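Asks: Contents are mmCIF, C-alpha atoms and all ligand atoms; file name target_11.cif:
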```cif
data_upload
#
loop_
_atom_site.label_atom_id
_atom_site.label_comp_id
_atom_site.auth_asym_id
_atom_site.auth_seq_id
_atom_site.Cartn_x
_atom_site.Cartn_y
_atom_site.Cartn_z
CA MET A 252 -65.65 -88.22 -105.08
CA ARG A 253 -65.11 -91.27 -102.80
CA ILE A 254 -67.53 -90.46 -99.99
CA ALA A 255 -68.30 -93.65 -98.08
CA ASP A 256 -70.85 -92.52 -95.60
CA LEU A 257 -73.54 -90.33 -97.12
CA GLN A 258 -77.08 -90.65 -95.81
CA LEU A 259 -80.00 -89.68 -98.03
CA LEU A 260 -82.91 -88.20 -96.12
CA PRO A 261 -86.22 -87.77 -97.98
CA ILE A 262 -88.21 -84.85 -96.55
CA GLY A 263 -91.86 -84.31 -97.34
CA GLY A 264 -92.49 -87.19 -99.72
CA VAL A 265 -90.13 -88.03 -102.55
CA ASP A 266 -90.94 -90.86 -104.93
CA ALA A 267 -88.84 -93.98 -104.48
CA GLU A 268 -87.85 -94.17 -108.15
CA THR A 269 -86.27 -90.71 -108.18
CA LEU A 270 -84.48 -91.38 -104.89
CA GLY A 271 -83.21 -94.70 -106.18
CA ASP A 272 -81.96 -93.05 -109.37
CA LEU A 273 -80.14 -90.42 -107.35
CA ALA A 274 -78.53 -92.98 -105.04
CA GLU A 275 -77.47 -95.01 -108.08
CA GLY A 276 -76.03 -91.95 -109.81
CA LEU A 277 -74.09 -90.98 -106.71
CA ARG A 278 -72.76 -94.51 -106.39
CA SER A 279 -71.47 -94.34 -109.95
CA LEU A 280 -69.42 -91.33 -108.86
CA GLY A 281 -67.97 -93.08 -105.81
CA VAL A 282 -70.43 -91.76 -103.25
CA GLN A 283 -71.95 -94.58 -101.19
CA ALA A 284 -75.34 -93.43 -99.99
CA THR A 285 -77.69 -95.16 -97.59
CA LEU A 286 -81.34 -94.24 -97.50
CA LEU A 287 -82.96 -92.98 -94.31
CA SER A 288 -86.69 -93.25 -93.59
CA PRO A 289 -88.72 -90.36 -95.00
CA VAL A 290 -89.70 -87.55 -92.64
CA GLU A 291 -92.23 -84.72 -92.80
CA PRO A 292 -90.99 -81.14 -92.93
CA PRO A 293 -91.10 -79.30 -89.60
CA ALA A 294 -93.99 -76.84 -89.38
CA ALA A 295 -91.59 -73.91 -89.05
CA ALA A 296 -90.24 -74.64 -92.53
CA ARG A 297 -93.44 -73.58 -94.25
CA ASP A 298 -93.89 -69.97 -95.35
CA ALA A 299 -97.64 -69.75 -95.80
CA GLY A 300 -97.42 -66.33 -97.46
CA ARG A 301 -95.12 -67.54 -100.23
CA GLY A 302 -96.43 -71.09 -100.41
CA GLN A 303 -92.82 -72.20 -100.20
CA TYR A 304 -90.48 -73.82 -97.68
CA ARG A 305 -87.48 -72.31 -95.94
CA ALA A 306 -84.39 -74.19 -97.13
CA ALA A 307 -82.42 -73.30 -94.01
CA VAL A 308 -85.05 -74.86 -91.73
CA LEU A 309 -85.08 -78.10 -93.72
CA LEU A 310 -81.29 -78.19 -93.64
CA GLU A 311 -81.38 -77.67 -89.89
CA GLU A 312 -83.84 -80.56 -89.61
CA ALA A 313 -81.47 -82.84 -91.55
CA ARG A 314 -78.62 -81.86 -89.23
CA ARG A 315 -80.81 -82.58 -86.22
CA LEU A 316 -81.95 -86.01 -87.40
CA THR A 317 -78.55 -87.54 -88.03
CA ASP A 318 -74.96 -86.87 -87.07
CA ALA A 319 -73.60 -88.39 -90.26
CA ARG A 320 -72.92 -86.71 -93.58
CA VAL A 321 -76.39 -86.14 -94.93
CA LEU A 322 -78.06 -85.08 -98.16
CA ALA A 323 -81.70 -84.17 -97.63
CA VAL A 324 -83.85 -84.58 -100.74
CA THR A 325 -87.23 -82.93 -101.09
CA ASP A 326 -89.89 -82.27 -103.68
CA LEU A 327 -90.99 -79.12 -101.84
CA ASP A 328 -90.40 -75.70 -103.40
CA ILE A 329 -87.61 -74.14 -101.31
CA TYR A 330 -86.14 -70.68 -101.04
CA THR A 331 -83.62 -68.68 -99.07
CA ASN A 332 -83.72 -65.00 -98.21
CA GLY A 333 -83.10 -62.86 -101.26
CA LEU A 334 -83.84 -65.58 -103.83
CA ASN A 335 -87.16 -66.57 -105.39
CA PHE A 336 -86.19 -70.20 -105.09
CA VAL A 337 -83.09 -72.37 -104.81
CA PHE A 338 -82.26 -75.81 -106.17
CA GLY A 339 -80.38 -76.57 -102.97
CA LEU A 340 -78.48 -75.39 -99.93
CA ALA A 341 -75.51 -76.72 -97.97
CA ASP A 342 -73.23 -76.14 -95.02
CA SER A 343 -69.90 -75.03 -96.45
CA PRO A 344 -67.84 -76.60 -95.21
CA GLY A 345 -69.97 -78.97 -93.18
CA ARG A 346 -71.81 -82.24 -93.38
CA ALA A 347 -75.40 -81.34 -94.30
CA ALA A 348 -76.80 -80.55 -97.75
CA LEU A 349 -80.25 -80.20 -99.24
CA VAL A 350 -81.56 -80.49 -102.80
CA SER A 351 -85.06 -79.91 -104.11
CA LEU A 352 -86.43 -81.67 -107.16
CA HIS A 353 -89.37 -79.27 -107.42
CA ARG A 354 -87.82 -76.80 -109.86
CA LEU A 355 -85.84 -79.52 -111.65
CA ARG A 356 -88.94 -81.35 -112.88
CA PRO A 357 -90.31 -79.03 -115.61
CA GLY A 358 -89.75 -80.56 -119.04
CA ALA A 359 -87.80 -83.48 -117.63
CA ASP A 360 -88.38 -87.15 -118.29
CA ARG A 361 -86.90 -89.69 -115.90
CA ASP A 362 -83.42 -89.57 -117.47
CA LEU A 363 -83.20 -85.79 -117.49
CA LEU A 364 -84.47 -85.55 -113.92
CA ARG A 365 -81.90 -88.13 -112.88
CA LEU A 366 -79.16 -86.06 -114.48
CA ARG A 367 -80.34 -82.73 -113.10
CA SER A 368 -80.78 -84.01 -109.56
CA LEU A 369 -77.37 -85.65 -109.68
CA LYS A 370 -75.74 -82.38 -110.76
CA GLU A 371 -77.41 -80.42 -107.99
CA ALA A 372 -76.61 -83.11 -105.42
CA VAL A 373 -72.94 -83.15 -106.41
CA HIS A 374 -72.94 -79.34 -106.38
CA GLU A 375 -74.25 -79.22 -102.81
CA LEU A 376 -71.88 -82.00 -101.70
CA GLY A 377 -69.09 -79.89 -103.20
CA HIS A 378 -70.15 -77.06 -100.93
CA THR A 379 -70.01 -79.37 -97.89
CA LEU A 380 -66.38 -80.05 -98.84
CA GLY A 381 -65.72 -76.31 -98.67
CA LEU A 382 -65.90 -75.50 -102.39
CA GLY A 383 -67.39 -72.20 -103.49
CA HIS A 384 -68.97 -71.33 -106.82
CA CYS A 385 -66.92 -71.75 -109.97
CA PRO A 386 -66.93 -69.30 -112.91
CA ASN A 387 -66.66 -72.19 -115.41
CA PRO A 388 -70.24 -72.72 -116.73
CA ARG A 389 -69.48 -76.40 -117.48
CA CYS A 390 -68.27 -77.13 -113.96
CA VAL A 391 -70.74 -78.72 -111.56
CA MET A 392 -69.82 -76.02 -109.00
CA HIS A 393 -71.13 -73.28 -111.30
CA PHE A 394 -74.03 -71.50 -109.63
CA SER A 395 -77.31 -72.23 -111.34
CA ASN A 396 -80.60 -70.50 -110.73
CA SER A 397 -82.28 -71.58 -113.96
CA LEU A 398 -82.80 -74.91 -115.69
CA ASP A 399 -80.75 -73.65 -118.64
CA GLU A 400 -77.80 -73.19 -116.35
CA VAL A 401 -78.35 -76.62 -114.78
CA ASP A 402 -78.55 -78.29 -118.18
CA ARG A 403 -75.48 -76.48 -119.51
CA LYS A 404 -73.17 -77.69 -116.78
CA GLY A 405 -71.83 -81.22 -116.35
CA VAL A 406 -71.83 -83.64 -113.44
CA ALA A 407 -68.05 -83.35 -113.16
CA PHE A 408 -65.82 -80.90 -111.36
CA CYS A 409 -63.48 -78.79 -113.51
CA ALA A 410 -59.78 -79.46 -112.94
CA GLY A 411 -59.42 -76.78 -110.28
CA CYS A 412 -62.51 -77.80 -108.35
CA GLY A 413 -61.52 -81.47 -108.68
CA GLU A 414 -58.21 -80.72 -107.00
CA ALA A 415 -60.03 -78.93 -104.22
CA VAL A 416 -62.23 -82.00 -103.74
CA ASP A 417 -59.18 -84.26 -103.55
CA ARG A 418 -57.61 -81.97 -100.97
CA ALA A 419 -60.82 -81.98 -98.94
CA LEU A 420 -61.10 -85.77 -99.06
CA PRO A 421 -57.73 -87.09 -97.93
CA ALA A 422 -56.65 -90.54 -98.96
CA ALA A 423 -57.59 -92.04 -95.61
CA VAL A 424 -61.12 -92.76 -96.76
CA ARG A 425 -60.49 -96.46 -96.93
CA PRO A 426 -62.21 -98.51 -94.27
CA ASN A 427 -59.98 -100.27 -91.74
CA LEU A 428 -62.57 -102.64 -90.27
CA LEU A 429 -64.93 -105.07 -91.95
CA VAL A 430 -67.98 -106.09 -89.96
CA SER A 431 -70.40 -108.78 -91.07
CA CYS A 432 -74.03 -108.85 -90.04
CA PRO A 433 -77.27 -110.67 -90.92
CA TRP A 434 -78.52 -109.68 -94.37
CA ARG A 435 -81.56 -107.78 -93.23
CA ALA A 436 -80.02 -106.06 -90.22
CA HIS A 437 -77.76 -103.44 -91.81
CA GLY A 438 -79.34 -100.52 -90.01
CA ARG A 439 -79.16 -102.02 -86.55
CA ALA A 440 -75.72 -103.44 -87.24
CA ARG A 441 -74.44 -100.04 -88.35
CA GLY A 442 -75.82 -98.50 -85.14
CA GLU A 443 -74.05 -101.14 -83.10
CA VAL A 444 -70.71 -100.55 -84.82
CA LEU A 445 -71.02 -96.78 -84.35
CA ARG A 446 -71.93 -97.24 -80.67
CA ILE A 447 -69.03 -99.54 -79.95
CA LEU A 448 -66.47 -97.41 -81.78
CA ARG A 449 -67.65 -94.30 -79.91
CA ARG A 450 -67.54 -96.20 -76.63
CA LEU A 451 -63.95 -97.21 -77.36
CA GLY A 452 -62.96 -93.59 -77.97
CA ASP A 453 -63.54 -92.64 -81.61
CA PRO A 454 -65.69 -89.49 -81.59
CA ARG A 455 -66.58 -89.66 -85.29
CA PRO A 456 -66.49 -93.16 -86.70
CA VAL A 457 -67.81 -93.76 -90.21
CA VAL A 458 -69.73 -96.91 -91.06
CA ALA A 459 -71.26 -97.75 -94.43
CA ARG A 460 -72.70 -100.69 -96.28
CA THR A 461 -70.49 -102.30 -98.87
CA ALA A 462 -71.66 -103.62 -102.24
CA VAL A 463 -72.04 -106.97 -100.49
CA PRO A 464 -75.19 -107.70 -98.47
CA GLY A 465 -74.35 -108.47 -94.86
CA LEU A 466 -71.03 -106.66 -94.91
CA LEU A 467 -70.30 -103.23 -93.43
CA ALA A 468 -67.10 -101.25 -93.76
CA ALA A 469 -66.01 -99.00 -90.91
CA GLN A 470 -63.44 -96.28 -90.80
CA THR A 471 -62.07 -95.51 -87.39
CA THR A 472 -59.26 -93.29 -86.20
CA LEU A 473 -58.52 -95.95 -83.57
CA ASP A 474 -56.10 -98.81 -84.19
CA PRO A 475 -58.46 -101.46 -85.61
CA ARG A 476 -56.62 -104.25 -83.76
CA ALA A 477 -57.01 -102.37 -80.49
CA VAL A 478 -60.71 -102.10 -81.31
CA THR A 479 -61.19 -105.83 -81.84
CA ARG A 480 -59.01 -106.70 -78.81
CA GLU A 481 -61.00 -104.42 -76.54
CA LEU A 482 -64.23 -105.62 -78.08
CA GLY A 483 -63.14 -109.20 -77.41
CA ALA A 484 -62.54 -108.28 -73.77
CA LEU A 485 -65.95 -106.57 -73.54
CA LEU A 486 -67.57 -109.60 -75.09
CA ALA A 487 -65.91 -111.94 -72.61
CA ARG A 488 -67.56 -110.00 -69.79
CA ASP A 489 -70.88 -109.40 -71.52
CA PRO A 490 -71.89 -111.64 -74.42
CA LEU A 491 -74.75 -109.24 -75.25
CA VAL A 492 -72.38 -106.49 -76.37
CA LEU A 493 -72.81 -107.84 -79.90
CA GLN A 494 -76.43 -108.28 -80.86
CA HIS A 495 -76.56 -107.25 -84.51
CA THR A 496 -73.07 -107.90 -85.84
CA LEU A 497 -71.36 -111.24 -86.41
CA LYS A 498 -67.67 -110.78 -87.06
CA TRP A 499 -65.19 -107.89 -86.84
CA VAL A 500 -62.02 -108.06 -88.91
CA PRO A 501 -59.23 -105.43 -88.98
CA VAL A 502 -57.99 -104.44 -92.44
CA ASP A 503 -54.30 -103.78 -93.13
CA LEU A 504 -54.60 -102.69 -96.74
CA TRP A 505 -56.92 -102.53 -99.73
CA THR A 506 -56.00 -103.54 -103.22
CA SER A 507 -57.67 -104.51 -106.47
CA ALA A 508 -58.96 -108.05 -106.53
CA ASP A 509 -56.89 -109.18 -109.52
CA PRO A 510 -54.26 -111.91 -109.09
CA GLN A 511 -51.27 -109.61 -109.57
CA SER A 512 -52.44 -107.02 -107.02
CA LEU A 513 -53.35 -109.73 -104.51
CA GLN A 514 -49.93 -111.31 -104.85
CA GLU A 515 -48.25 -107.95 -104.40
CA ALA A 516 -50.29 -107.31 -101.25
CA VAL A 517 -49.32 -110.65 -99.76
CA ARG A 518 -45.64 -109.98 -100.56
CA ARG A 519 -45.90 -106.67 -98.74
CA LEU A 520 -47.54 -108.13 -95.65
CA ARG A 521 -45.82 -111.53 -95.38
CA GLU A 522 -42.92 -110.07 -93.33
CA ARG A 523 -45.35 -109.80 -90.47
CA ILE A 524 -45.18 -113.57 -90.07
CA ARG A 525 -42.09 -114.18 -88.00
CA PRO A 526 -39.76 -117.13 -88.69
CA GLY A 527 -41.16 -120.33 -87.25
CA GLU A 528 -44.68 -118.99 -86.82
CA ARG A 529 -47.45 -121.20 -88.12
CA TRP A 530 -49.88 -119.60 -90.50
CA ARG A 531 -53.08 -120.12 -92.36
CA LEU A 532 -54.58 -118.40 -95.37
CA THR A 533 -58.29 -117.52 -95.30
CA VAL A 534 -60.01 -116.19 -98.41
CA GLU A 535 -63.53 -114.82 -98.19
CA ARG A 536 -64.83 -114.27 -101.71
CA ARG A 537 -67.95 -112.16 -102.14
CA ARG A 538 -69.43 -110.80 -105.34
CA TYR A 539 -66.38 -111.97 -107.22
CA THR A 540 -66.61 -114.64 -109.87
CA ARG A 541 -63.40 -114.50 -111.84
CA HIS A 542 -61.53 -117.04 -109.71
CA HIS A 543 -62.58 -119.76 -107.32
CA THR A 544 -61.45 -119.54 -103.72
CA ALA A 545 -59.16 -122.55 -104.21
CA GLU A 546 -57.48 -120.85 -107.17
CA ILE A 547 -56.87 -117.72 -105.16
CA ILE A 548 -55.42 -119.71 -102.27
CA ALA A 549 -53.18 -121.57 -104.69
CA MET A 550 -51.83 -118.38 -106.24
CA LEU A 551 -51.11 -116.76 -102.86
CA ALA A 552 -50.06 -119.57 -100.52
CA GLY A 553 -46.83 -120.24 -102.41
CA LEU A 554 -45.62 -116.73 -101.55
CA ILE A 555 -45.57 -117.42 -97.80
CA GLN A 556 -42.79 -119.31 -96.01
CA GLY A 557 -43.02 -121.41 -92.86
CA PRO A 558 -45.31 -124.12 -91.58
CA VAL A 559 -49.02 -124.11 -92.35
CA ASP A 560 -51.40 -124.85 -89.49
CA LEU A 561 -55.08 -124.75 -90.33
CA GLU A 562 -56.24 -125.53 -86.79
CA HIS A 563 -54.05 -123.38 -84.54
CA PRO A 564 -52.17 -120.81 -86.59
CA ASP A 565 -50.12 -118.03 -85.00
CA ARG A 566 -50.99 -115.78 -87.95
CA ILE A 567 -53.93 -115.66 -90.30
CA VAL A 568 -53.35 -114.18 -93.72
CA ARG A 569 -56.84 -112.97 -94.47
CA VAL A 570 -58.15 -111.86 -97.85
CA ASP A 571 -61.67 -110.46 -98.04
CA ILE A 572 -62.70 -109.97 -101.64
CA VAL A 573 -65.49 -107.42 -101.88
CA GLY A 574 -66.52 -107.11 -105.50
CA SER A 575 -63.55 -105.68 -107.41
CA ASP A 576 -61.64 -104.72 -104.24
CA ALA A 577 -59.85 -106.83 -101.68
CA ALA A 578 -58.96 -106.20 -98.04
CA VAL A 579 -55.76 -108.01 -97.03
CA SER A 580 -54.46 -108.44 -93.49
CA VAL A 581 -52.05 -110.51 -91.44
CA LEU A 582 -53.78 -111.11 -88.14
CA ALA A 583 -53.36 -112.98 -84.90
CA PRO A 584 -56.36 -115.20 -84.13
CA GLY A 585 -57.34 -112.84 -81.30
CA ASP A 586 -57.52 -109.89 -83.70
CA ILE A 587 -60.76 -111.27 -85.13
CA VAL A 588 -63.87 -111.07 -82.99
CA SER A 589 -66.92 -113.23 -83.58
CA ALA A 590 -70.23 -112.85 -81.79
CA GLY A 591 -70.67 -115.72 -79.36
CA LYS A 592 -66.98 -116.50 -79.56
CA PRO A 593 -65.08 -113.98 -77.40
CA ALA A 594 -61.48 -113.71 -78.51
CA PRO A 595 -58.91 -114.81 -75.95
CA PRO A 596 -56.30 -112.22 -75.00
CA ALA A 597 -53.43 -114.32 -76.35
CA GLY A 598 -52.37 -117.75 -77.50
CA PRO A 599 -53.95 -120.02 -80.04
CA GLY A 600 -57.54 -119.04 -80.47
CA GLN A 601 -60.50 -119.46 -82.68
CA PRO A 602 -59.94 -119.72 -86.37
CA GLY A 603 -61.09 -116.68 -88.27
ZN ZN A 701 -73.99 -73.43 -104.92
ZN ZN A 702 -65.03 -75.54 -111.18
#
```
Can the structure in the file be given as structure tokens, please?
Ligand SMILES: [Zn+2]
Ligand SMILES: [Zn+2]

Replies:
Amino acid sequence: MRIADLQLLPIGGVDAETLGDLAEGLRSLGVQATLLSPVEPPAAARDAGRGQYRAAVLLEEARRLTDARVLAVTDLDIYTNGLNFVFGLADSPGRAALVSLHRLRPGADRDLLRLRSLKEAVHELGHTLGLGHCPNPRCVMHFSNSLDEVDRKGVAFCAGCGEAVDRALPAAVRPNLLVSCPWRAHGRARGEVLRILRRLGDPRPVVARTAVPGLLAAQTTLDPRAVTRELGALLARDPLVLQHTLKWVPVDLWTSADPQSLQEAVRRLRERIRPGERWRLTVERRRYTRHHTAEIIAMLAGLIQGPVDLEHPDRIVRVDIVGSDAAVSVLAPGDIVSAGKPAPPAGPGQPG
């Protein structure tokens, strides 16, 4: 389901193990979820007469607490008008969803609870993408109001619903900026990236952690090179613009991190080095053990013509290997911004 920017919001006390299992399950389906700090339910959510909580009020609270795509998770017993209880609720289409574990727990050990909560989470996320209920009882978008119905359906979308998901999530979900930060500062770093992208004119930037500690991936509708250029100019005037992030790198394309795909990517991008320009190849290898950096450089450098200049290149062919994926770009030195090293507007600059 390739959602890069989901936030998980625990409301009213949810045990860490169950939340962790849910985040892990979502990740296995391509949904990258970051965990927000737990919050208490607003007083207005409680219906004292029924001893239950109003799902719509909890959903509203989730919407209020973040402006990102959010899945609120609760152990409270929730209901909506006309139903004794619900497993979840979502904006459809929209960005906020809610699931309750309360009615999923009976008879469930950890594995079954993990599976049930994942189904209901995917179901509600499907609603946020605009999907309605599906008549196919095996499809995750089938409406369930009993545990039997939950257990009968799968985690997957049927073919028709899967197509609807693909239509709702266009291919442009690949990040076009990589931003590094100190290992323990992801939250603050993410806030800084969001702030800067909004300041530069992107009303709805998306920033998420990658599988690599200290590395964030951002998706902006702005030209990523314009972002780093303008950020470099901001930084030259005010070195405190960057307090929680270290380096910003535009991404031209993503490919698999196997030798063949990397070589193909370099062949596609090498035209961007004009005749006579001096170049350098930089490989950042993270969470990738199949080849050493030197091997990767050796298999790629031979594909590029022209003089190499490690000190003052005109172009940097940059490969960031992030687990099994790789971001590949051909950059001018000024396209890369480092905290404490404002990028010059033109000319030979800092190495990346
Ligand atoms: Zn539903
Ligand atoms: Zn379906």

Asks: Using all atoms listed in the file, find each residue in chain A having at least one atom no more than 6 Å away from ligand ZN 702 (chain A); report its shortest atom-to-atom pair and that distance in Å (one decimal), rows by chain then rising number, as CSV.

Replies:
```
residue,atom,partner,partner_atom,distance
A:Cys385,CA,A:ZN702,ZN,4.4
A:Asn387,CA,A:ZN702,ZN,5.6
A:Cys390,CA,A:ZN702,ZN,4.6
A:Met392,CA,A:ZN702,ZN,5.3
A:Phe408,CA,A:ZN702,ZN,5.4
A:Cys409,CA,A:ZN702,ZN,4.3
A:Gly411,CA,A:ZN702,ZN,5.8
A:Cys412,CA,A:ZN702,ZN,4.4
```

Asks: Of the candidates A:Gly383, A:Gly263, A:Gly358, A:Pro293, which shows the shortest atom-to-atom distance to ligand ZN 701 (chain A), using only C-alpha atoms and all ligand atoms?

Replies: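 Using only C-alpha atoms and all ligand atoms, ligand ZN 701 (chain A) sits closest to A:Gly383.
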
Asks: Please report the interatomic distance between atom CA of Arg356 of chain A and atom CA of Phe338 of chain A in Å with one decimal.

Replies: 11.0 Å

Asks: Given only C-alpha atoms as the basis, pick out the residue of A:Leu497, A:Val406, A:Val463, A:Leu322 nearest to Arg538 of chain A.

Replies: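 When distances to Arg538 of chain A are compared using only C-alpha atoms, the smallest one comes from A:Val463.
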
Asks: Kindly compile the residues surrounding ligand ZN 701 (chain A) within 10 Å, counting all atoms listed in the file, and format them as a list in words.

Replies: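 The neighbouring residues of ligand ZN 701 (chain A) are, in order, Val337, Phe338, Gly339, Leu340, Ala341, Ser343, Glu371, Val373, His374, Glu375, Leu376, Gly377, His378, Leu382, Gly383, His384, Cys385, Val391, Met392, His393, Phe394, Ser395 and Asn396 of chain A.
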
Asks: Starting from the point (-64.9, -114.3, -85.0), work out which residues of protein, DNA or RNA have an atom no more than 6 Å away when counting all atoms listed in the file; state them as an NGL selection string.

Replies: :A and (498 or 587-589 or 603)

Asks: Here is a test: counting only C-alpha atoms, which residue of A:Leu259, A:Leu270, A:Ala469, A:Leu532 is nearest to Pro558 of chain A?

Replies: A:Leu532

Asks: Just give me the gap between atom CA of Glu311 of chain A and atom CA of Thr285 of chain A in Å, one decimal is fine.

Replies: 19.5 Å

Asks: Would you compute, for all listed atoms of segment 300-313 of chain A, the axis-aligned bounding box grown by 5 Å on each side, and then report its centre and edge lengths in Å rounded to one decimal, as AutoDock Vina command-line options?

Replies:
```
--center_x -89.4 --center_y -74.6 --center_z -95.0 --size_x 26.1 --size_y 26.5 --size_z 20.8
```

Asks: Any chance you could model N, CA and C atoms for segment 255-273 of chain A and send them as a compact mmCIF listing (two decimals), in the frame of the given file?

Replies:
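Result saved to part-v4.txt:
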```txt
# COMPACT_ATOMS: atom_id res chain seq x y z
N ALA A 255 -67.84 -92.29 -98.43
CA ALA A 255 -68.30 -93.65 -98.08
C ALA A 255 -69.51 -93.65 -97.17
N ASP A 256 -69.95 -92.51 -96.75
CA ASP A 256 -70.85 -92.52 -95.60
C ASP A 256 -72.00 -91.54 -95.73
N LEU A 257 -72.47 -91.32 -96.96
CA LEU A 257 -73.54 -90.33 -97.12
C LEU A 257 -74.89 -90.96 -96.76
N GLN A 258 -75.71 -90.22 -96.05
CA GLN A 258 -77.08 -90.65 -95.81
C GLN A 258 -78.02 -89.78 -96.62
N LEU A 259 -78.99 -90.42 -97.27
CA LEU A 259 -80.00 -89.68 -98.03
C LEU A 259 -81.27 -89.61 -97.20
N LEU A 260 -81.74 -88.40 -96.98
CA LEU A 260 -82.91 -88.20 -96.12
C LEU A 260 -84.05 -87.57 -96.93
N PRO A 261 -85.08 -88.35 -97.26
CA PRO A 261 -86.22 -87.77 -97.98
C PRO A 261 -87.09 -86.95 -97.02
N ILE A 262 -87.36 -85.71 -97.38
CA ILE A 262 -88.21 -84.85 -96.55
C ILE A 262 -89.46 -84.49 -97.34
N GLY A 263 -90.61 -84.76 -96.75
CA GLY A 263 -91.86 -84.31 -97.34
C GLY A 263 -92.30 -85.08 -98.56
N GLY A 264 -91.97 -86.35 -98.65
CA GLY A 264 -92.49 -87.19 -99.72
C GLY A 264 -91.73 -87.05 -101.01
N VAL A 265 -90.87 -87.99 -101.29
CA VAL A 265 -90.13 -88.03 -102.55
C VAL A 265 -90.33 -89.42 -103.12
N ASP A 266 -90.63 -89.52 -104.42
CA ASP A 266 -90.94 -90.86 -104.93
C ASP A 266 -89.69 -91.73 -104.94
N ALA A 267 -89.93 -93.02 -104.68
CA ALA A 267 -88.84 -93.98 -104.48
C ALA A 267 -87.97 -94.11 -105.73
N GLU A 268 -88.60 -94.00 -106.91
CA GLU A 268 -87.85 -94.17 -108.15
C GLU A 268 -86.79 -93.07 -108.29
N THR A 269 -87.21 -91.82 -108.04
CA THR A 269 -86.27 -90.71 -108.18
C THR A 269 -85.14 -90.81 -107.16
N LEU A 270 -85.50 -91.20 -105.92
CA LEU A 270 -84.48 -91.38 -104.89
C LEU A 270 -83.50 -92.47 -105.27
N GLY A 271 -84.06 -93.58 -105.78
CA GLY A 271 -83.21 -94.70 -106.18
C GLY A 271 -82.27 -94.29 -107.31
N ASP A 272 -82.80 -93.53 -108.28
CA ASP A 272 -81.96 -93.05 -109.37
C ASP A 272 -80.83 -92.17 -108.86
N LEU A 273 -81.16 -91.32 -107.89
CA LEU A 273 -80.14 -90.42 -107.35
C LEU A 273 -79.07 -91.21 -106.61
```
